[in-house]
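Below is upload_5.cif, holding mmCIF, C-alpha atoms and all ligand atoms.
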```cif
data_protein
loop_
_atom_site.group_PDB
_atom_site.id
_atom_site.type_symbol
_atom_site.label_atom_id
_atom_site.label_comp_id
_atom_site.auth_asym_id
_atom_site.auth_seq_id
_atom_site.Cartn_x
_atom_site.Cartn_y
_atom_site.Cartn_z
ATOM 1 C CA MET X 1 -0.073 -4.735 0.292
ATOM 2 C CA LEU X 2 2.817 -6.893 -0.680
ATOM 3 C CA ARG X 3 2.323 -9.430 2.058
ATOM 4 C CA VAL X 4 -1.430 -9.525 1.459
ATOM 5 C CA PHE X 5 -1.181 -10.386 -2.193
ATOM 6 C CA LEU X 6 2.056 -12.302 -2.572
ATOM 7 C CA ARG X 7 1.573 -15.142 -0.119
ATOM 8 C CA PRO X 8 2.800 -17.674 -0.846
ATOM 9 C CA GLU X 9 5.675 -16.011 -2.699
ATOM 10 C CA PRO X 10 5.408 -16.867 -6.390
ATOM 11 C CA THR X 11 8.043 -19.225 -7.715
ATOM 12 C CA GLY X 12 10.968 -17.410 -9.256
ATOM 13 C CA PHE X 13 10.374 -14.295 -7.186
ATOM 14 C CA PRO X 14 13.810 -13.254 -5.872
ATOM 15 C CA LYS X 15 14.297 -14.491 -2.334
ATOM 16 C CA GLY X 16 14.602 -11.935 0.409
ATOM 17 C CA LEU X 17 12.901 -9.181 -1.548
ATOM 18 C CA ILE X 18 9.897 -9.148 0.693
ATOM 19 C CA ALA X 19 11.970 -8.702 3.824
ATOM 20 C CA GLY X 20 12.518 -4.979 3.311
ATOM 21 C CA PRO X 21 10.370 -2.874 5.634
ATOM 22 C CA LEU X 22 9.524 -0.430 2.881
ATOM 23 C CA GLY X 23 6.566 0.671 0.861
ATOM 24 C CA SER X 24 3.041 0.720 2.180
ATOM 25 C CA HIS X 25 3.139 -2.455 4.225
ATOM 26 C CA GLN X 26 1.363 -0.632 7.020
ATOM 27 C CA ASN X 27 -1.680 -0.333 4.803
ATOM 28 C CA LEU X 28 -2.068 -4.049 4.595
ATOM 29 C CA ILE X 29 -4.143 -4.646 7.698
ATOM 30 C CA GLY X 30 -6.935 -2.346 6.607
ATOM 31 C CA THR X 31 -6.790 -3.495 2.994
ATOM 32 C CA ARG X 32 -6.952 -7.144 3.946
ATOM 33 C CA LYS X 33 -10.074 -6.462 5.972
ATOM 34 C CA LEU X 34 -11.759 -4.787 3.024
ATOM 35 C CA ILE X 35 -11.143 -7.767 0.808
ATOM 36 C CA SER X 36 -11.352 -10.720 3.149
ATOM 37 C CA GLU X 37 -14.422 -9.689 5.117
ATOM 38 C CA ASP X 38 -16.606 -10.042 2.040
ATOM 39 C CA ILE X 39 -16.999 -6.371 1.416
ATOM 40 C CA GLY X 40 -16.051 -7.399 -2.099
ATOM 41 C CA ALA X 41 -13.641 -4.572 -2.901
ATOM 42 C CA ALA X 42 -11.848 -5.103 -6.213
ATOM 43 C CA THR X 43 -8.100 -4.849 -6.595
ATOM 44 C CA THR X 44 -5.992 -3.998 -9.614
ATOM 45 C CA GLN X 45 -2.376 -4.445 -10.779
ATOM 46 C CA VAL X 46 -1.282 -6.089 -7.556
ATOM 47 C CA SER X 47 1.588 -7.850 -9.302
ATOM 48 C CA HIS X 48 3.348 -4.545 -10.010
ATOM 49 C CA ILE X 49 5.967 -3.716 -7.400
ATOM 50 C CA GLN X 50 8.525 -0.959 -7.684
ATOM 51 C CA LEU X 51 11.992 -1.647 -6.339
ATOM 52 C CA TYR X 52 14.448 0.890 -4.968
ATOM 53 C CA PRO X 53 17.750 -0.296 -6.491
ATOM 54 C CA PHE X 54 20.107 1.148 -3.887
ATOM 55 C CA ALA X 55 18.835 0.013 -0.479
ATOM 56 C CA ASN X 56 21.045 -1.244 2.335
ATOM 57 C CA PRO X 57 21.844 -4.743 1.012
ATOM 58 C CA TYR X 58 22.134 -6.289 4.463
ATOM 59 C CA LYS X 59 18.990 -4.851 6.063
ATOM 60 C CA GLY X 60 16.764 -4.237 3.042
ATOM 61 C CA ILE X 61 15.977 -0.714 4.193
ATOM 62 C CA VAL X 62 16.442 2.723 2.692
ATOM 63 C CA ASP X 63 18.693 4.215 5.355
ATOM 64 C CA ARG X 64 20.240 7.650 4.924
ATOM 65 C CA PRO X 65 23.361 6.462 3.023
ATOM 66 C CA ALA X 66 21.046 4.577 0.636
ATOM 67 C CA LEU X 67 19.896 7.909 -0.763
ATOM 68 C CA ILE X 68 23.440 8.671 -1.968
ATOM 69 C CA PRO X 69 23.294 6.579 -5.176
ATOM 70 C CA PHE X 70 19.924 8.155 -5.950
ATOM 71 C CA THR X 71 21.457 11.619 -6.040
ATOM 72 C CA ASN X 72 24.947 10.854 -7.348
ATOM 73 C CA PRO X 73 24.666 9.120 -10.756
ATOM 74 C CA THR X 74 26.410 11.923 -12.639
ATOM 75 C CA TYR X 75 29.288 11.942 -10.102
ATOM 76 C CA ALA X 76 29.799 8.214 -9.493
ATOM 77 C CA ILE X 77 29.887 4.794 -11.070
ATOM 78 C CA TYR X 78 28.133 1.581 -10.062
ATOM 79 C CA VAL X 79 30.211 -1.596 -10.170
ATOM 80 C CA TRP X 80 29.806 -5.246 -9.245
ATOM 81 C CA LYS X 81 32.326 -7.476 -7.448
ATOM 82 C CA ASP X 82 34.339 -7.804 -10.688
ATOM 83 C CA GLY X 83 34.965 -4.056 -10.549
ATOM 84 C CA ARG X 84 33.075 -3.526 -13.812
ATOM 85 C CA ARG X 85 30.222 -1.149 -14.490
ATOM 86 C CA PHE X 86 27.052 -2.922 -15.586
ATOM 87 C CA ILE X 87 24.712 -0.108 -16.633
ATOM 88 C CA SER X 88 24.497 3.610 -17.291
ATOM 89 C CA GLU X 89 24.197 5.128 -13.833
ATOM 90 C CA LEU X 90 21.469 7.336 -15.295
ATOM 91 C CA ALA X 91 19.319 4.332 -16.241
ATOM 92 C CA THR X 92 15.869 4.210 -14.628
ATOM 93 C CA ARG X 93 15.311 2.669 -11.213
ATOM 94 C CA LYS X 94 13.575 -0.254 -12.883
ATOM 95 C CA GLU X 95 16.436 -0.876 -15.314
ATOM 96 C CA CYS X 96 19.020 -0.743 -12.503
ATOM 97 C CA ALA X 97 17.008 -2.988 -10.173
ATOM 98 C CA ASP X 98 16.105 -5.495 -12.887
ATOM 99 C CA TYR X 99 19.716 -5.845 -13.989
ATOM 100 C CA MET X 100 20.915 -6.471 -10.463
ATOM 101 C CA MET X 101 18.141 -8.909 -9.518
ATOM 102 C CA PHE X 102 17.866 -10.900 -12.709
ATOM 103 C CA THR X 103 21.296 -10.684 -14.393
ATOM 104 C CA LEU X 104 23.900 -10.171 -11.666
ATOM 105 C CA LYS X 105 21.796 -12.028 -9.064
ATOM 106 C CA GLU X 106 24.497 -11.828 -6.384
ATOM 107 C CA LYS X 107 24.535 -8.891 -3.988
ATOM 108 C CA PRO X 108 25.846 -6.281 -3.488
ATOM 109 C CA THR X 109 26.797 -3.816 -6.156
ATOM 110 C CA PHE X 110 28.678 -0.654 -5.189
ATOM 111 C CA SER X 111 28.468 3.053 -5.793
ATOM 112 C CA ILE X 112 32.048 4.336 -6.199
ATOM 113 C CA PHE X 113 32.970 8.004 -5.816
ATOM 114 C CA ASP X 114 35.819 10.244 -4.723
ATOM 115 C CA GLU X 115 36.470 12.966 -2.185
ATOM 116 C CA LYS X 116 35.596 15.938 -4.376
ATOM 117 C CA ALA X 117 32.313 14.362 -5.525
ATOM 118 C CA TRP X 118 30.305 13.778 -2.355
ATOM 119 C CA PRO X 119 29.652 17.408 -1.280
ATOM 120 C CA ASN X 120 27.640 17.695 -4.501
ATOM 121 C CA PHE X 121 25.099 15.067 -3.519
ATOM 122 C CA THR X 122 25.088 14.447 0.205
ATOM 123 C CA LYS X 123 25.759 16.018 3.602
ATOM 124 C CA GLU X 124 28.758 15.610 5.865
ATOM 125 C CA ALA X 125 26.509 14.168 8.577
ATOM 126 C CA VAL X 126 25.347 11.367 6.258
ATOM 127 C CA MET X 127 28.926 10.552 5.279
ATOM 128 C CA GLU X 128 29.975 10.512 8.931
ATOM 129 C CA GLU X 129 27.057 8.287 9.878
ATOM 130 C CA GLY X 130 27.824 5.883 7.014
ATOM 131 C CA LEU X 131 31.552 5.729 7.731
ATOM 132 C CA LYS X 132 31.059 5.255 11.461
ATOM 133 C CA GLY X 133 28.657 2.368 11.014
ATOM 134 C CA GLY X 134 30.719 0.712 8.266
ATOM 135 C CA ARG X 135 27.982 1.342 5.673
ATOM 136 C CA ILE X 136 30.395 3.411 3.598
ATOM 137 C CA ILE X 137 33.867 2.030 2.908
ATOM 138 C CA LYS X 138 36.754 4.479 2.596
ATOM 139 C CA ALA X 139 40.359 4.061 1.424
ATOM 140 C CA ASP X 140 43.283 6.130 0.181
ATOM 141 C CA THR X 141 43.769 4.152 -3.022
ATOM 142 C CA LEU X 142 41.417 2.342 -5.377
ATOM 143 C CA GLU X 143 43.277 -0.936 -4.782
ATOM 144 C CA GLU X 144 42.839 -0.620 -1.027
ATOM 145 C CA LEU X 145 39.191 0.319 -1.462
ATOM 146 C CA ALA X 146 38.607 -2.727 -3.643
ATOM 147 C CA ALA X 147 40.315 -5.037 -1.154
ATOM 148 C CA LYS X 148 38.234 -3.677 1.734
ATOM 149 C CA ALA X 149 34.979 -3.940 -0.214
ATOM 150 C CA GLY X 150 35.585 -7.361 -1.778
ATOM 151 C CA ILE X 151 35.872 -5.988 -5.324
ATOM 152 C CA ASP X 152 38.433 -7.181 -7.871
ATOM 153 C CA PRO X 153 41.192 -4.491 -7.599
ATOM 154 C CA ALA X 154 42.452 -4.786 -11.192
ATOM 155 C CA GLY X 155 38.888 -4.629 -12.545
ATOM 156 C CA LEU X 156 38.057 -1.542 -10.511
ATOM 157 C CA LYS X 157 41.287 0.263 -11.430
ATOM 158 C CA ASP X 158 40.790 -0.431 -15.107
ATOM 159 C CA THR X 159 37.111 0.591 -14.952
ATOM 160 C CA VAL X 160 37.912 3.896 -13.243
ATOM 161 C CA GLU X 161 40.680 4.698 -15.729
ATOM 162 C CA ARG X 162 38.358 4.076 -18.640
ATOM 163 C CA TYR X 163 35.470 5.951 -17.051
ATOM 164 C CA ASN X 164 37.724 8.961 -16.396
ATOM 165 C CA SER X 165 38.678 8.983 -20.074
ATOM 166 C CA TYR X 166 34.953 9.045 -20.959
ATOM 167 C CA VAL X 167 34.456 12.029 -18.629
ATOM 168 C CA GLU X 168 37.294 13.794 -20.440
ATOM 169 C CA THR X 169 35.870 13.212 -23.915
ATOM 170 C CA GLY X 170 32.240 13.501 -22.842
ATOM 171 C CA THR X 171 31.371 10.148 -24.429
ATOM 172 C CA ASP X 172 30.614 7.007 -22.452
ATOM 173 C CA LEU X 173 31.726 4.350 -24.938
ATOM 174 C CA GLU X 174 30.284 1.500 -22.868
ATOM 175 C CA TYR X 175 26.843 2.545 -21.644
ATOM 176 C CA GLY X 176 26.166 5.900 -23.261
ATOM 177 C CA LYS X 177 25.644 7.781 -20.005
ATOM 178 C CA PRO X 178 24.676 11.224 -21.247
ATOM 179 C CA LYS X 179 26.055 13.331 -18.389
ATOM 180 C CA MET X 180 29.327 12.705 -16.501
ATOM 181 C CA LEU X 181 30.407 15.511 -14.198
ATOM 182 C CA ASN X 182 33.306 14.069 -12.260
ATOM 183 C CA LYS X 183 36.491 12.083 -12.779
ATOM 184 C CA ILE X 184 37.052 9.604 -9.962
ATOM 185 C CA GLU X 185 40.563 10.692 -9.069
ATOM 186 C CA LYS X 186 40.858 12.514 -5.749
ATOM 187 C CA PRO X 187 41.525 10.351 -2.675
ATOM 188 C CA PRO X 188 40.136 9.183 -0.416
ATOM 189 C CA PHE X 189 37.816 6.966 -2.429
ATOM 190 C CA TYR X 190 34.472 5.587 -1.271
ATOM 191 C CA ALA X 191 32.423 2.431 -1.924
ATOM 192 C CA LEU X 192 28.795 2.176 -0.866
ATOM 193 C CA PRO X 193 27.161 -1.279 -1.097
ATOM 194 C CA GLN X 194 23.652 -1.242 -2.604
ATOM 195 C CA TRP X 195 20.941 -3.712 -3.607
ATOM 196 C CA PRO X 196 17.253 -3.543 -4.596
ATOM 197 C CA SER X 197 14.473 -3.658 -2.022
ATOM 198 C CA VAL X 198 10.725 -3.178 -2.206
ATOM 199 C CA HIS X 199 9.876 0.491 -2.505
ATOM 200 C CA HIS X 200 6.307 0.971 -3.671
ATOM 201 C CA THR X 201 3.311 -1.256 -4.275
ATOM 202 C CA MET X 202 1.794 -0.138 -7.563
ATOM 203 C CA GLY X 203 -1.383 -2.164 -7.164
ATOM 204 C CA GLY X 204 -4.194 -1.961 -4.634
ATOM 205 C CA LEU X 205 -7.873 -1.183 -4.283
ATOM 206 C CA GLN X 206 -9.670 -0.266 -7.488
ATOM 207 C CA VAL X 207 -11.172 3.220 -7.332
ATOM 208 C CA ASN X 208 -12.929 5.551 -9.751
ATOM 209 C CA VAL X 209 -12.064 9.223 -10.351
ATOM 210 C CA ASN X 210 -14.232 10.171 -7.387
ATOM 211 C CA THR X 211 -12.061 7.926 -5.166
ATOM 212 C CA GLN X 212 -14.976 5.545 -4.544
ATOM 213 C CA VAL X 213 -13.808 1.969 -4.023
ATOM 214 C CA LEU X 214 -15.267 -0.361 -6.649
ATOM 215 C CA ASP X 215 -16.543 -3.887 -6.208
ATOM 216 C CA ASN X 216 -15.740 -6.792 -8.507
ATOM 217 C CA LYS X 217 -18.511 -5.772 -10.889
ATOM 218 C CA GLY X 218 -17.187 -2.230 -11.218
ATOM 219 C CA ASN X 219 -19.890 -0.651 -9.029
ATOM 220 C CA ALA X 220 -19.005 1.905 -6.365
ATOM 221 C CA ILE X 221 -19.319 0.560 -2.828
ATOM 222 C CA PRO X 222 -21.493 3.123 -1.012
ATOM 223 C CA GLY X 223 -19.633 5.262 1.511
ATOM 224 C CA LEU X 224 -16.226 3.700 0.922
ATOM 225 C CA TYR X 225 -13.402 5.929 -0.383
ATOM 226 C CA ALA X 226 -9.682 5.288 -0.801
ATOM 227 C CA ALA X 227 -6.612 7.270 -1.822
ATOM 228 C CA GLY X 228 -2.843 6.920 -1.756
ATOM 229 C CA GLU X 229 -0.703 3.833 -1.849
ATOM 230 C CA CYS X 230 -3.490 1.439 -0.815
ATOM 231 C CA THR X 231 -5.081 2.093 -4.231
ATOM 232 C CA GLY X 232 -3.915 0.634 -7.528
ATOM 233 C CA GLY X 233 -3.822 1.606 -11.177
ATOM 234 C CA ILE X 234 -2.837 5.224 -10.622
ATOM 235 C CA HIS X 235 0.795 5.018 -11.733
ATOM 236 C CA GLY X 236 0.920 1.998 -14.022
ATOM 237 C CA ALA X 237 3.708 -0.560 -13.796
ATOM 238 C CA CYS X 238 6.460 1.792 -12.611
ATOM 239 C CA ARG X 239 5.861 5.015 -10.710
ATOM 240 C CA LEU X 240 7.821 8.117 -11.642
ATOM 241 C CA GLY X 241 9.816 9.369 -8.656
ATOM 242 C CA SER X 242 8.107 12.025 -6.535
ATOM 243 C CA VAL X 243 4.595 11.586 -7.860
ATOM 244 C CA ALA X 244 3.232 9.384 -5.053
ATOM 245 C CA ILE X 245 2.832 12.323 -2.685
ATOM 246 C CA PRO X 246 0.880 14.379 -5.268
ATOM 247 C CA ASP X 247 -1.302 11.281 -5.783
ATOM 248 C CA CYS X 248 -1.947 11.129 -2.022
ATOM 249 C CA ILE X 249 -2.676 14.851 -1.782
ATOM 250 C CA VAL X 250 -4.924 15.159 -4.849
ATOM 251 C CA PHE X 251 -6.964 12.019 -4.309
ATOM 252 C CA GLY X 252 -6.800 12.191 -0.508
ATOM 253 C CA ARG X 253 -8.365 15.649 -0.610
ATOM 254 C CA ARG X 254 -10.993 14.467 -3.038
ATOM 255 C CA ALA X 255 -11.788 11.396 -0.918
ATOM 256 C CA GLY X 256 -12.059 13.521 2.211
ATOM 257 C CA LYS X 257 -14.396 16.020 0.567
ATOM 258 C CA ASN X 258 -16.602 13.291 -0.855
ATOM 259 C CA ALA X 259 -16.785 11.444 2.442
ATOM 260 C CA ALA X 260 -17.563 14.647 4.365
ATOM 261 C CA ALA X 261 -20.329 15.558 1.925
ATOM 262 C CA ARG X 262 -22.301 12.374 2.627
HETATM 263 C C1 LIG A 1 11.820 5.365 1.501
HETATM 264 C C2 LIG A 1 10.687 5.987 0.716
HETATM 265 C C3 LIG A 1 10.907 7.164 0.042
HETATM 266 C C4 LIG A 1 9.881 7.745 -0.697
HETATM 267 N N1 LIG A 1 10.108 8.923 -1.343
HETATM 268 C C5 LIG A 1 9.118 9.506 -2.013
HETATM 269 C C6 LIG A 1 9.324 10.764 -2.672
HETATM 270 O O1 LIG A 1 10.419 11.335 -2.647
HETATM 271 N N2 LIG A 1 8.273 11.317 -3.347
HETATM 272 C C7 LIG A 1 7.054 10.713 -3.408
HETATM 273 O O2 LIG A 1 6.136 11.258 -4.029
HETATM 274 N N3 LIG A 1 6.834 9.507 -2.804
HETATM 275 C C8 LIG A 1 7.824 8.908 -2.109
HETATM 276 N N4 LIG A 1 7.593 7.698 -1.494
HETATM 277 C C9 LIG A 1 6.256 7.090 -1.575
HETATM 278 C C10 LIG A 1 5.296 7.816 -0.639
HETATM 279 O O3 LIG A 1 5.976 8.204 0.539
HETATM 280 C C11 LIG A 1 4.126 6.892 -0.268
HETATM 281 O O4 LIG A 1 3.521 6.415 -1.443
HETATM 282 C C12 LIG A 1 3.104 7.669 0.526
HETATM 283 O O5 LIG A 1 3.674 8.180 1.714
HETATM 284 C C13 LIG A 1 1.921 6.766 0.875
HETATM 285 O O6 LIG A 1 1.041 7.524 1.677
HETATM 286 P P1 LIG A 1 -0.298 6.899 2.184
HETATM 287 O O7 LIG A 1 -0.909 7.933 3.068
HETATM 288 O O8 LIG A 1 -1.090 6.376 1.048
HETATM 289 O O9 LIG A 1 0.146 5.613 3.011
HETATM 290 P P2 LIG A 1 1.021 5.552 4.329
HETATM 291 O O10 LIG A 1 1.973 6.695 4.422
HETATM 292 O O11 LIG A 1 1.556 4.153 4.395
HETATM 293 O O12 LIG A 1 -0.048 5.793 5.478
HETATM 294 C C14 LIG A 1 -0.954 4.812 5.873
HETATM 295 C C15 LIG A 1 -1.234 5.053 7.321
HETATM 296 O O13 LIG A 1 -2.305 4.205 7.736
HETATM 297 C C16 LIG A 1 -1.970 3.653 8.979
HETATM 298 N N5 LIG A 1 -2.707 2.401 9.133
HETATM 299 C C17 LIG A 1 -2.509 1.216 8.500
HETATM 300 N N6 LIG A 1 -3.417 0.318 8.896
HETATM 301 C C18 LIG A 1 -4.222 0.942 9.778
HETATM 302 C C19 LIG A 1 -5.342 0.536 10.530
HETATM 303 N N7 LIG A 1 -5.842 -0.694 10.466
HETATM 304 N N8 LIG A 1 -5.920 1.439 11.354
HETATM 305 C C20 LIG A 1 -5.448 2.710 11.441
HETATM 306 N N9 LIG A 1 -4.376 3.140 10.730
HETATM 307 C C21 LIG A 1 -3.776 2.257 9.930
HETATM 308 C C22 LIG A 1 -0.467 3.466 8.952
HETATM 309 O O14 LIG A 1 0.068 3.410 10.243
HETATM 310 C C23 LIG A 1 -0.042 4.723 8.219
HETATM 311 O O15 LIG A 1 0.169 5.804 9.087
HETATM 312 C C24 LIG A 1 8.607 7.115 -0.751
HETATM 313 C C25 LIG A 1 8.392 5.914 -0.065
HETATM 314 C C26 LIG A 1 9.412 5.350 0.662
HETATM 315 C C27 LIG A 1 9.133 4.068 1.400
#
```
Can you turn what I pasted into structure tokens?
Amino acid sequence: MLRVFLRPEPTGFPKGLIAGPLGSHQNLIGTRKLISEDIGAATTQVSHIQLYPFANPYKGIVDRPALIPFTNPTYAIYVWKDGRRFISELATRKECADYMMFTLKEKPTFSIFDEKAWPNFTKEAVMEEGLKGGRIIKADTLEELAAKAGIDPAGLKDTVERYNSYVETGTDLEYGKPKMLNKIEKPPFYALPQWPSVHHTMGGLQVNVNTQVLDNKGNAIPGLYAAGECTGGIHGACRLGSVAIPDCIVFGRRAGKNAAAR
């Protein structure tokens, strides 16, 4: 979908964003046919793209370690190269991704956590995989971790000290994170580089509630049904996590029934 509708890339669109092999790019061949071969299918909201803020910054993919920041915001902090936090780690995916792409602009940012934190949000096998491949950086002190990761050591040390004091008092004086479950204090310490990549194409073929694909005049195209990520307008500008599969199941079932009944 992305490559169908965003060629050429619009000016100002962050470079490299389209490289990530994510989202429903596999749908594009079929969708392009529907539009370009004069079937006249209408599309909607094709400019809305959801980013996953914590992808592998060097490959643009959501590998297994990339799921760590998604599940660890109450146990970890996110910092930039200056060692400073830049957002509440419980901010939405859109807020996190937007801040990185449009304010920080330079990748990567890092998820920072300690030894006692990770069993709460990931598996040993994922940690081993990440450490072996160099995806996750590990060190016995925060200074060493910062040096290995290319983060300002003084900034990181100061940030962690302040964050730990917020955990103690229960009040995040900088970003108002409402839930902080872990002081970053037990070595070894870990840094996981992260950066936004394309995750979900919000736009696509325009359908009605019966999953019939509409033409540019809003009329149903006879015998043509669509469901799932190739359709648009179901989730609005930013999809809530986990609701794409229900979309696929509910409307996919409906589309199948309608098609079979013809
Ligand atoms: C990393 C990642 C994590 C996600 N996590 C979640 C989650 O936790 N919860 C959630 O709800 N959603 C999640 N999503 C979104 C969700 O997985 C997708 O929206 C959903 O799988 C889309 O399903 P689909 O059947 O519409 O499209 P797809 O799964 O893309 O299926 C389309 C199929 O059509 C095939 N195809 C394409 N062109 C042709 C052609 N010309 N001829 C024949 N076949 C063709 C493709 O090969 C593919 O098999 C995630 C997405 C990603 C990328």
Quiz item: In Å, how far is it from CA of Ile49 in chain X to CA of Pro246 in chain X?
Solution: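 Going from CA of Ile49 in chain X over to CA of Pro246 in chain X covers 18.9 Å.
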Practice problem: Using all atoms listed in the file, pick whichever of X:Asp215, X:Glu124, X:Asp247, X:Asp82 has the shortest atom-to-atom distance to ligand LIG 1 (chain A). | Solution: X:Asp247
Determine, counting all atoms listed in the file, which protein, DNA and RNA residues have an atom within 12 Å of an atom of Ala55 in chain X; residues of the same chain fewer than 2 positions away are not included. Present the result as an mmCIF file with C-alpha atoms, in the coordinates of the input.
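Saved the output as out.cif:
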```cif
data_model
loop_
_atom_site.group_PDB
_atom_site.id
_atom_site.type_symbol
_atom_site.label_atom_id
_atom_site.label_comp_id
_atom_site.auth_asym_id
_atom_site.auth_seq_id
_atom_site.Cartn_x
_atom_site.Cartn_y
_atom_site.Cartn_z
ATOM 1 C CA LEU X 17 12.901 -9.181 -1.548
ATOM 2 C CA ALA X 19 11.970 -8.702 3.824
ATOM 3 C CA GLY X 20 12.518 -4.979 3.311
ATOM 4 C CA PRO X 21 10.370 -2.874 5.634
ATOM 5 C CA LEU X 22 9.524 -0.430 2.881
ATOM 6 C CA LEU X 51 11.992 -1.647 -6.339
ATOM 7 C CA TYR X 52 14.448 0.890 -4.968
ATOM 8 C CA PRO X 53 17.750 -0.296 -6.491
ATOM 9 C CA PRO X 57 21.844 -4.743 1.012
ATOM 10 C CA TYR X 58 22.134 -6.289 4.463
ATOM 11 C CA LYS X 59 18.990 -4.851 6.063
ATOM 12 C CA GLY X 60 16.764 -4.237 3.042
ATOM 13 C CA ILE X 61 15.977 -0.714 4.193
ATOM 14 C CA VAL X 62 16.442 2.723 2.692
ATOM 15 C CA ASP X 63 18.693 4.215 5.355
ATOM 16 C CA ARG X 64 20.240 7.650 4.924
ATOM 17 C CA PRO X 65 23.361 6.462 3.023
ATOM 18 C CA ALA X 66 21.046 4.577 0.636
ATOM 19 C CA LEU X 67 19.896 7.909 -0.763
ATOM 20 C CA ILE X 68 23.440 8.671 -1.968
ATOM 21 C CA PRO X 69 23.294 6.579 -5.176
ATOM 22 C CA PHE X 70 19.924 8.155 -5.950
ATOM 23 C CA ARG X 93 15.311 2.669 -11.213
ATOM 24 C CA ALA X 97 17.008 -2.988 -10.173
ATOM 25 C CA LYS X 107 24.535 -8.891 -3.988
ATOM 26 C CA PRO X 108 25.846 -6.281 -3.488
ATOM 27 C CA THR X 109 26.797 -3.816 -6.156
ATOM 28 C CA PHE X 110 28.678 -0.654 -5.189
ATOM 29 C CA SER X 111 28.468 3.053 -5.793
ATOM 30 C CA ARG X 135 27.982 1.342 5.673
ATOM 31 C CA LEU X 192 28.795 2.176 -0.866
ATOM 32 C CA PRO X 193 27.161 -1.279 -1.097
ATOM 33 C CA GLN X 194 23.652 -1.242 -2.604
ATOM 34 C CA TRP X 195 20.941 -3.712 -3.607
ATOM 35 C CA PRO X 196 17.253 -3.543 -4.596
ATOM 36 C CA SER X 197 14.473 -3.658 -2.022
ATOM 37 C CA VAL X 198 10.725 -3.178 -2.206
ATOM 38 C CA HIS X 199 9.876 0.491 -2.505
#
```
Quiz item: Can you list, as number ranges by chain, every protein, DNA or RNA residue that comes within 12 Å of range 165-173 of chain X when you count only C-alpha atoms, leaving out same-chain residues fewer than 4 positions away?
Solution: X: 74-77, 85, 87-90, 158-161, 177-185
Quiz item: Taking (-16.2, -7.7, -10.2) in the file's coordinates, which residues come within 9 Å, counting all atoms listed in the file, written as a PyMOL selection string?
Solution: chain X and resi 40-42+214-219
Quiz item: Which is closest to Arg84 in chain X among X:Ile234, X:Ile151, X:Leu205, X:Ile249, if we use only C-alpha atoms?
Solution: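 Using only C-alpha atoms, Arg84 in chain X sits closest to X:Ile151.
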Exercise. Tell me, in Å to one decimal, how far CA of Gly204 in chain X is from CA of Asn258 in chain X.
Key: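 A separation of 20.0 Å between them.
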Quiz item: Which one of X:Met101, X:Val207, X:Met202, X:Ala260 sits closest to ligand LIG 1 (chain A) if you count only C-alpha atoms and all ligand atoms?
Solution: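 Checking each candidate against ligand LIG 1 (chain A), we get X:Met202 as the closest.
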Practice problem: Kindly resolve the PyMOL selection byres (((chain X and resi 251) around 12) and not hetatm) on the present coordinates and return the residues as a ChimeraX atom specification. | Solution: /X:207-212,225-231,234,244-250,252-259
Filtering to C-alpha atoms, could you give me those residues as a short mmCIF file (atom, residue, chain, number, x, y, z; two decimals), in the frame of the given file?
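Now in out_1.cif:
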```
data_model
loop_
_atom_site.label_atom_id
_atom_site.label_comp_id
_atom_site.auth_asym_id
_atom_site.auth_seq_id
_atom_site.Cartn_x
_atom_site.Cartn_y
_atom_site.Cartn_z
CA VAL X 207 -11.17 3.22 -7.33
CA ASN X 208 -12.93 5.55 -9.75
CA VAL X 209 -12.06 9.22 -10.35
CA ASN X 210 -14.23 10.17 -7.39
CA THR X 211 -12.06 7.93 -5.17
CA GLN X 212 -14.98 5.54 -4.54
CA TYR X 225 -13.40 5.93 -0.38
CA ALA X 226 -9.68 5.29 -0.80
CA ALA X 227 -6.61 7.27 -1.82
CA GLY X 228 -2.84 6.92 -1.76
CA GLU X 229 -0.70 3.83 -1.85
CA CYS X 230 -3.49 1.44 -0.82
CA THR X 231 -5.08 2.09 -4.23
CA ILE X 234 -2.84 5.22 -10.62
CA ALA X 244 3.23 9.38 -5.05
CA ILE X 245 2.83 12.32 -2.68
CA PRO X 246 0.88 14.38 -5.27
CA ASP X 247 -1.30 11.28 -5.78
CA CYS X 248 -1.95 11.13 -2.02
CA ILE X 249 -2.68 14.85 -1.78
CA VAL X 250 -4.92 15.16 -4.85
CA GLY X 252 -6.80 12.19 -0.51
CA ARG X 253 -8.36 15.65 -0.61
CA ARG X 254 -10.99 14.47 -3.04
CA ALA X 255 -11.79 11.40 -0.92
CA GLY X 256 -12.06 13.52 2.21
CA LYS X 257 -14.40 16.02 0.57
CA ASN X 258 -16.60 13.29 -0.86
CA ALA X 259 -16.78 11.44 2.44
#
```
Exercise. Compare X:Arg162, X:Ile221, X:Ser242, X:Gly133 by their minimum atom-to-atom distance to ligand LIG 1 (chain A), counting all atoms listed in the file, and give me the closest one.
Key: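 Counting all atoms listed in the file, the residue closest to ligand LIG 1 (chain A) is X:Ser242.
The two atoms in question, atom O6 of ligand LIG 1 (chain A) and CA of Gln50 in chain X, are spaced 14.7 Å apart.
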